[in-house]
Amino acid sequence: MPLAHAERLPPLYAPGRRMLLAGLLGLGILAGLFSIAASWLIGQLAAGFTMAALCSVIGLVLGFFAAKYLERVLAEKLGQHYVAQLRRGLIAHALRSVRGPSAGITIARSTNDLSSIRNWIVQGMVPLVAGIPLLLVSGIGLWLLHPLLAASLGATLVIEAALLLGLAGGTFASARSLRRQRGYLAARISDTVAARTAITSGGGVDREVARVQASAQKVMDASVQRARYAGALRASALAVPLLGTALAVGACSVAGLPHTAVATALTLMGICAGSLGEWGKAVEYRQNYKAGRQILAPLLAQEQQWSGAQQAPASTRNAKELMGQGSAVRIHPQLDGAEAFPVLRAQPGERIQLLGAPAACSALLAAIATGSFAQSGQGQAGVWIAEGRSEDLPSTERRKLVGAALESMVPERGTLGRALRYRHPGSAMGKALELAQRCGLDLQSLPEAEQSRLRRGGEPLDRGQQAALLVARALLREPPVLVLDELLTRLPADGYAYVLGRLNGYRGVVVYSGQLPGLQATSQWRAAGLPAGRQR
C-alpha cells in the first residue's frame with residue numbers, strides 16, 4: 001500500500017475495493033436506466049391504461065428497488081473495509097509511538113473520527129458515485145422530451161451546488177470544533193476514571209463531575225452549532241428540488257407538451273429530487289470527513305513509515321544465535337535534552353544501575369525495551385548487541401533479545417499462558433509455567449491455570465502475581481539484555497529471593513533503576529547532569 005501523505009488518507013481505490021467501486025458505478029447506471037424506462041411507461045399509462053404497461057412499471061420499480069438495495073449493501077462493505085484498514089494503522093501508531101495518546105483520545109479517534117470517515121464513504125461519496133450517473137441518464141431523458149426540461153434540471157443543479165458550497169466552509173469549522181471538544185471530553189473522562197481512588201479519598205467526586213460536565217457543555221454547544229449548518233444543508237437539499245419541479249412544470253407549459261410527456265418529466269424530476277436530497281448529507285459528511293482526516297492522516301503517515309522500516313529490516317541476523325549467551329552491549333540513547341544519558345558500553349554479566357530523574361530513567365528503560373530509539377532519526381541511536389543494532393531486526397526477532405519487566409507494563413488481554421509466552425510463543429508451556437511459579441505466580445489459586453482469562457490490566461491476578469508473570473516472561477530463555485525497575489519489589493518474598501539469585505549470576509547485561517535490595521550493581525549509568533561516579 002502506498003504511503004499516505006501528511007494531509008491524505010490511504011487511497012480508497014485500492015486492491016480489495018476496486019470491484020466494490022465498479023459495482024457501485026454500475027448500479028448507478030442501472031438505476032438510471034430503470035428510472036428512464038419506468039418514467040416513459042408511466043407516461044404511456046397516462047395516455048391509456050394497459051395491464052402489460054402496469055406490470056412492466058411494477059417490474060422496473062422492483063428492479064430500481066433491488067439496485068438501491070445492493071447499492072447500500074456494497075457501500076457498507078466498502079466503508080467497513082476502508083475503516084478497518086485505518087483502524088489497524090491507528091491502533092498500531094498508538095502502540096508504537098514513544099509517548100502514546102491517552103486511552104480516551106485513542107478511543108475517541110477509533111470511534112468518532114473513523115465513524116466520520118465511514119459515514120462519508122457510505123452516505124456521502126457512494127450516493128454521489130451512484131447518483132451522478134442517475135442524474136446524467138435522467139438529464140438525457142429530459143433532453144429527449146424537450147431541451148427546456150433539461151435546462152430546468154441544470155438550473156436546479158447549479159442553485160443546489162451554489163448553496164451547498166456556500167455552507168461547506170462553516171460546516172467544516174463547526175465539525176472541527178466539535179471533534180476537538182469531543183477529544184478533550186474523552187481524555188478528561190478517561191483520566192478521571194483512572195484517578196477514581198484518589199478522587200474519592202479526597203472527597204472530590206462532585207468537583208470532578210462538575211469539571212466533566214463543563215467539558216460536556218462545550219461538546220453540547222459545539223454540537224448545536226454544527227446542527228445549524230447541518231440543518232441548513234439538508235433544508236437546501238430538500239427545498240431546491242421543489243423549485244426544480246416547479247421549473248419543470250413551467251417548461252412543460254411553455255413548450256406545450258402533452259400530458260404524457262408531462263407525466264414522464266415529473267417522474268424523472270421526482271427521481272432526480274431523491275438523488276439531490278442526498279447532496280446535503282453528502283456535503284455535511286464530507287466536511288466531517290475532512291475534519292477527521294486532519295487528525296488521522298499525519299498519524300497514519302507516520303505509522304506507515306515505521307511499519308515500512310520494520311518490513312524491510314537492515315539486519316538479517318538470527319536472534320537465536322545470541323540467546324542464552326553473553327554478548328557485549330552498547331546502548332546509544334538520544335543525545336539531546338537536559339536529562340541526556342551518555343553512551344553505555346557493557347560486558348556480559350554486568351548489572352548496571354540507572355541514576356537520574358525518575359521520569360528520565362523510566363523513559364530510557366521504556367525506549368530500550370520497545371526499541372523506540374530508532375524513531376529519533378539519529379543514525380547510531382539504539383541498542384547494539386554483539387555489534388548489531390537490535391532495532392534493525394524485525395520486531396518478532398528483537399523481542400527475543402531484550403526482556404523487560406517495568407512498572408508501566410500490564411499483562412495483555414487473553415489467557416495467562418499466552419501472556420507468559422508473549423515474547424516466545426514457541427516456548428514449552430511446562431517450562432514457562434515452572435519459571436513463573438518460581439518467580440512467585442500461584443497457579444493453585446487459579447482454577448483454570450494457564451487457561452485463565454486475563455482482562456482489565458491483569459485481573460484476576462493481584463499486583464504481586466502480575467509482577468511474577470511479567471518478570472518470568474522477561475527472564476524466559478535468558479535474553480542478552482534485561483531491563484528492570486522497582487516492579488520486582490512487588491514479587492512475593494520467595495519469588496523475589498529466587499529472581500535476585502538469578503540476576504546476581506545473570507550471564508547477560510542487566511539494566512535497572514530504583515532501589516532493589518540485594519541486587520549487586522557492578523556499575524552505574526548516570527544522567528549527564530549528575531556528578532561522575534563509577535560510570536560505564
# chains A, B, ... in the order shown; residues from 1 in each chain; ligands from 1
$ residues_around --residues "Leu268 of chain A" --least-positions-apart "6" --cutoff "7 Å" --atoms "only C-alpha atoms" --output "list in words"
Ser35, Ile36, Ser39 and Ser138 of chain A
$ residues_around --residues "Asn504 of chain A" --least-positions-apart "3" --cutoff "9 Å" --atoms "only C-alpha atoms" --output "VMD selection string"
chain A and resid 349 to 351 499 to 501 518 to 521
$ write_last_selection --atoms "C-alpha atoms" --output "PDB file, in the first residue's frame"
ATOM      1  CA  GLY A 349      27.459 -10.387  33.401  1.00  0.00           C
ATOM      2  CA  GLU A 350      27.275  -6.689  34.296  1.00  0.00           C
ATOM      3  CA  ARG A 351      24.449  -5.261  36.372  1.00  0.00           C
ATOM      4  CA  VAL A 499      14.824 -13.734  40.969  1.00  0.00           C
ATOM      5  CA  LEU A 500      17.570 -11.977  42.943  1.00  0.00           C
ATOM      6  CA  GLY A 501      19.714 -15.106  42.783  1.00  0.00           C
ATOM      7  CA  GLY A 518      20.106  -7.369  47.394  1.00  0.00           C
ATOM      8  CA  LEU A 519      20.852  -6.718  43.736  1.00  0.00           C
ATOM      9  CA  GLN A 520      24.590  -6.137  43.441  1.00  0.00           C
ATOM     10  CA  ALA A 521      25.288  -3.421  40.881  1.00  0.00           C
TER      11      ALA A 521
END
$ residues_around --residues "Leu446 of chain A" --least-positions-apart "5" --cutoff "12 Å" --atoms "only C-alpha atoms" --output "PDB file with C-alpha atoms, in the first residue's frame"
ATOM      1  CA  THR A 415      -5.101 -16.301  28.526  1.00  0.00           C
ATOM      2  CA  LEU A 416      -2.378 -16.420  31.161  1.00  0.00           C
ATOM      3  CA  LEU A 441       2.998 -16.969  40.482  1.00  0.00           C
ATOM      4  CA  GLN A 451      -6.119 -21.054  30.553  1.00  0.00           C
ATOM      5  CA  SER A 452      -7.307 -18.383  32.987  1.00  0.00           C
ATOM      6  CA  ARG A 453      -8.523 -15.299  31.118  1.00  0.00           C
ATOM      7  CA  LEU A 454      -6.783 -12.030  31.962  1.00  0.00           C
ATOM      8  CA  GLU A 459      -7.300  -9.272  36.623  1.00  0.00           C
ATOM      9  CA  PRO A 460      -7.936 -11.668  38.375  1.00  0.00           C
ATOM     10  CA  LEU A 461      -4.218 -11.629  39.318  1.00  0.00           C
ATOM     11  CA  ASP A 462      -3.228  -9.271  42.124  1.00  0.00           C
ATOM     12  CA  GLN A 465       1.033 -12.111  40.774  1.00  0.00           C
TER      13      GLN A 465
END
$ atom_distance --atom1 "atom CA of Leu393 of chain A" --atom2 "atom CA of Ala340 of chain A"
25.2 Å
$ closest_residue --among "A:Lys431, A:Gln437, A:Leu149, A:Ile368" --to "Ser253 of chain A" --atoms "only C-alpha atoms"
A:Leu149
$ decode --residues "segment 38-72 of chain A" --atoms "N, CA and C atoms" --output "compact mmCIF listing (two decimals), in the first residue's frame"
# COMPACT_ATOMS: atom_id res chain seq x y z
N ALA A 38 -39.06 3.37 -16.58
CA ALA A 38 -40.28 3.47 -15.78
C ALA A 38 -41.00 4.78 -16.04
N SER A 39 -40.25 5.88 -16.18
CA SER A 39 -40.87 7.18 -16.45
C SER A 39 -41.60 7.17 -17.79
N TRP A 40 -40.99 6.58 -18.80
CA TRP A 40 -41.63 6.52 -20.12
C TRP A 40 -42.92 5.71 -20.06
N LEU A 41 -42.88 4.57 -19.36
CA LEU A 41 -44.08 3.74 -19.24
C LEU A 41 -45.17 4.43 -18.44
N ILE A 42 -44.79 5.21 -17.43
CA ILE A 42 -45.79 5.97 -16.67
C ILE A 42 -46.48 6.97 -17.58
N GLY A 43 -45.68 7.59 -18.47
CA GLY A 43 -46.29 8.49 -19.45
C GLY A 43 -47.27 7.76 -20.35
N GLN A 44 -46.93 6.52 -20.74
CA GLN A 44 -47.85 5.74 -21.57
C GLN A 44 -49.12 5.38 -20.80
N LEU A 45 -48.98 5.11 -19.52
CA LEU A 45 -50.17 4.82 -18.71
C LEU A 45 -51.08 6.03 -18.62
N ALA A 46 -50.46 7.23 -18.62
CA ALA A 46 -51.29 8.44 -18.59
C ALA A 46 -52.12 8.57 -19.85
N ALA A 47 -51.61 8.03 -20.98
CA ALA A 47 -52.36 8.11 -22.24
C ALA A 47 -53.44 7.04 -22.30
N GLY A 48 -53.17 5.87 -21.75
CA GLY A 48 -54.15 4.79 -21.79
C GLY A 48 -53.67 3.62 -20.96
N PHE A 49 -54.56 3.13 -20.09
CA PHE A 49 -54.18 2.07 -19.16
C PHE A 49 -54.16 0.73 -19.87
N THR A 50 -53.05 -0.01 -19.64
CA THR A 50 -52.98 -1.41 -20.08
C THR A 50 -52.32 -2.21 -18.97
N MET A 51 -52.76 -3.46 -18.80
CA MET A 51 -52.20 -4.30 -17.75
C MET A 51 -50.73 -4.60 -18.02
N ALA A 52 -50.37 -4.75 -19.29
CA ALA A 52 -48.97 -5.04 -19.63
C ALA A 52 -48.06 -3.88 -19.22
N ALA A 53 -48.52 -2.64 -19.47
CA ALA A 53 -47.71 -1.48 -19.10
C ALA A 53 -47.58 -1.38 -17.58
N LEU A 54 -48.69 -1.66 -16.86
CA LEU A 54 -48.64 -1.60 -15.40
C LEU A 54 -47.68 -2.64 -14.84
N CYS A 55 -47.75 -3.87 -15.37
CA CYS A 55 -46.83 -4.92 -14.89
C CYS A 55 -45.38 -4.57 -15.20
N SER A 56 -45.17 -3.94 -16.36
CA SER A 56 -43.80 -3.54 -16.71
C SER A 56 -43.29 -2.48 -15.75
N VAL A 57 -44.17 -1.52 -15.40
CA VAL A 57 -43.76 -0.48 -14.45
C VAL A 57 -43.42 -1.10 -13.10
N ILE A 58 -44.27 -2.04 -12.65
CA ILE A 58 -44.00 -2.70 -11.37
C ILE A 58 -42.67 -3.44 -11.41
N GLY A 59 -42.40 -4.13 -12.53
CA GLY A 59 -41.12 -4.83 -12.66
C GLY A 59 -39.93 -3.88 -12.63
N LEU A 60 -40.05 -2.73 -13.31
CA LEU A 60 -38.96 -1.75 -13.31
C LEU A 60 -38.77 -1.13 -11.92
N VAL A 61 -39.88 -0.90 -11.22
CA VAL A 61 -39.77 -0.35 -9.86
C VAL A 61 -39.06 -1.35 -8.95
N LEU A 62 -39.40 -2.63 -9.10
CA LEU A 62 -38.70 -3.65 -8.30
C LEU A 62 -37.22 -3.71 -8.66
N GLY A 63 -36.92 -3.55 -9.95
CA GLY A 63 -35.52 -3.50 -10.36
C GLY A 63 -34.80 -2.31 -9.76
N PHE A 64 -35.48 -1.14 -9.74
CA PHE A 64 -34.90 0.06 -9.13
C PHE A 64 -34.67 -0.18 -7.64
N PHE A 65 -35.64 -0.83 -6.99
CA PHE A 65 -35.51 -1.16 -5.56
C PHE A 65 -34.29 -2.06 -5.33
N ALA A 66 -34.15 -3.09 -6.16
CA ALA A 66 -33.02 -4.01 -6.00
C ALA A 66 -31.69 -3.30 -6.20
N ALA A 67 -31.63 -2.39 -7.18
CA ALA A 67 -30.39 -1.65 -7.44
C ALA A 67 -30.02 -0.79 -6.23
N LYS A 68 -30.99 -0.11 -5.65
CA LYS A 68 -30.72 0.74 -4.50
C LYS A 68 -30.37 -0.09 -3.26
N TYR A 69 -31.02 -1.24 -3.12
CA TYR A 69 -30.71 -2.13 -2.00
C TYR A 69 -29.26 -2.62 -2.09
N LEU A 70 -28.87 -3.09 -3.26
CA LEU A 70 -27.50 -3.57 -3.44
C LEU A 70 -26.50 -2.43 -3.29
N GLU A 71 -26.88 -1.24 -3.71
CA GLU A 71 -26.00 -0.08 -3.56
C GLU A 71 -25.68 0.17 -2.09
N ARG A 72 -26.68 0.09 -1.24
CA ARG A 72 -26.46 0.33 0.20
C ARG A 72 -25.59 -0.77 0.81
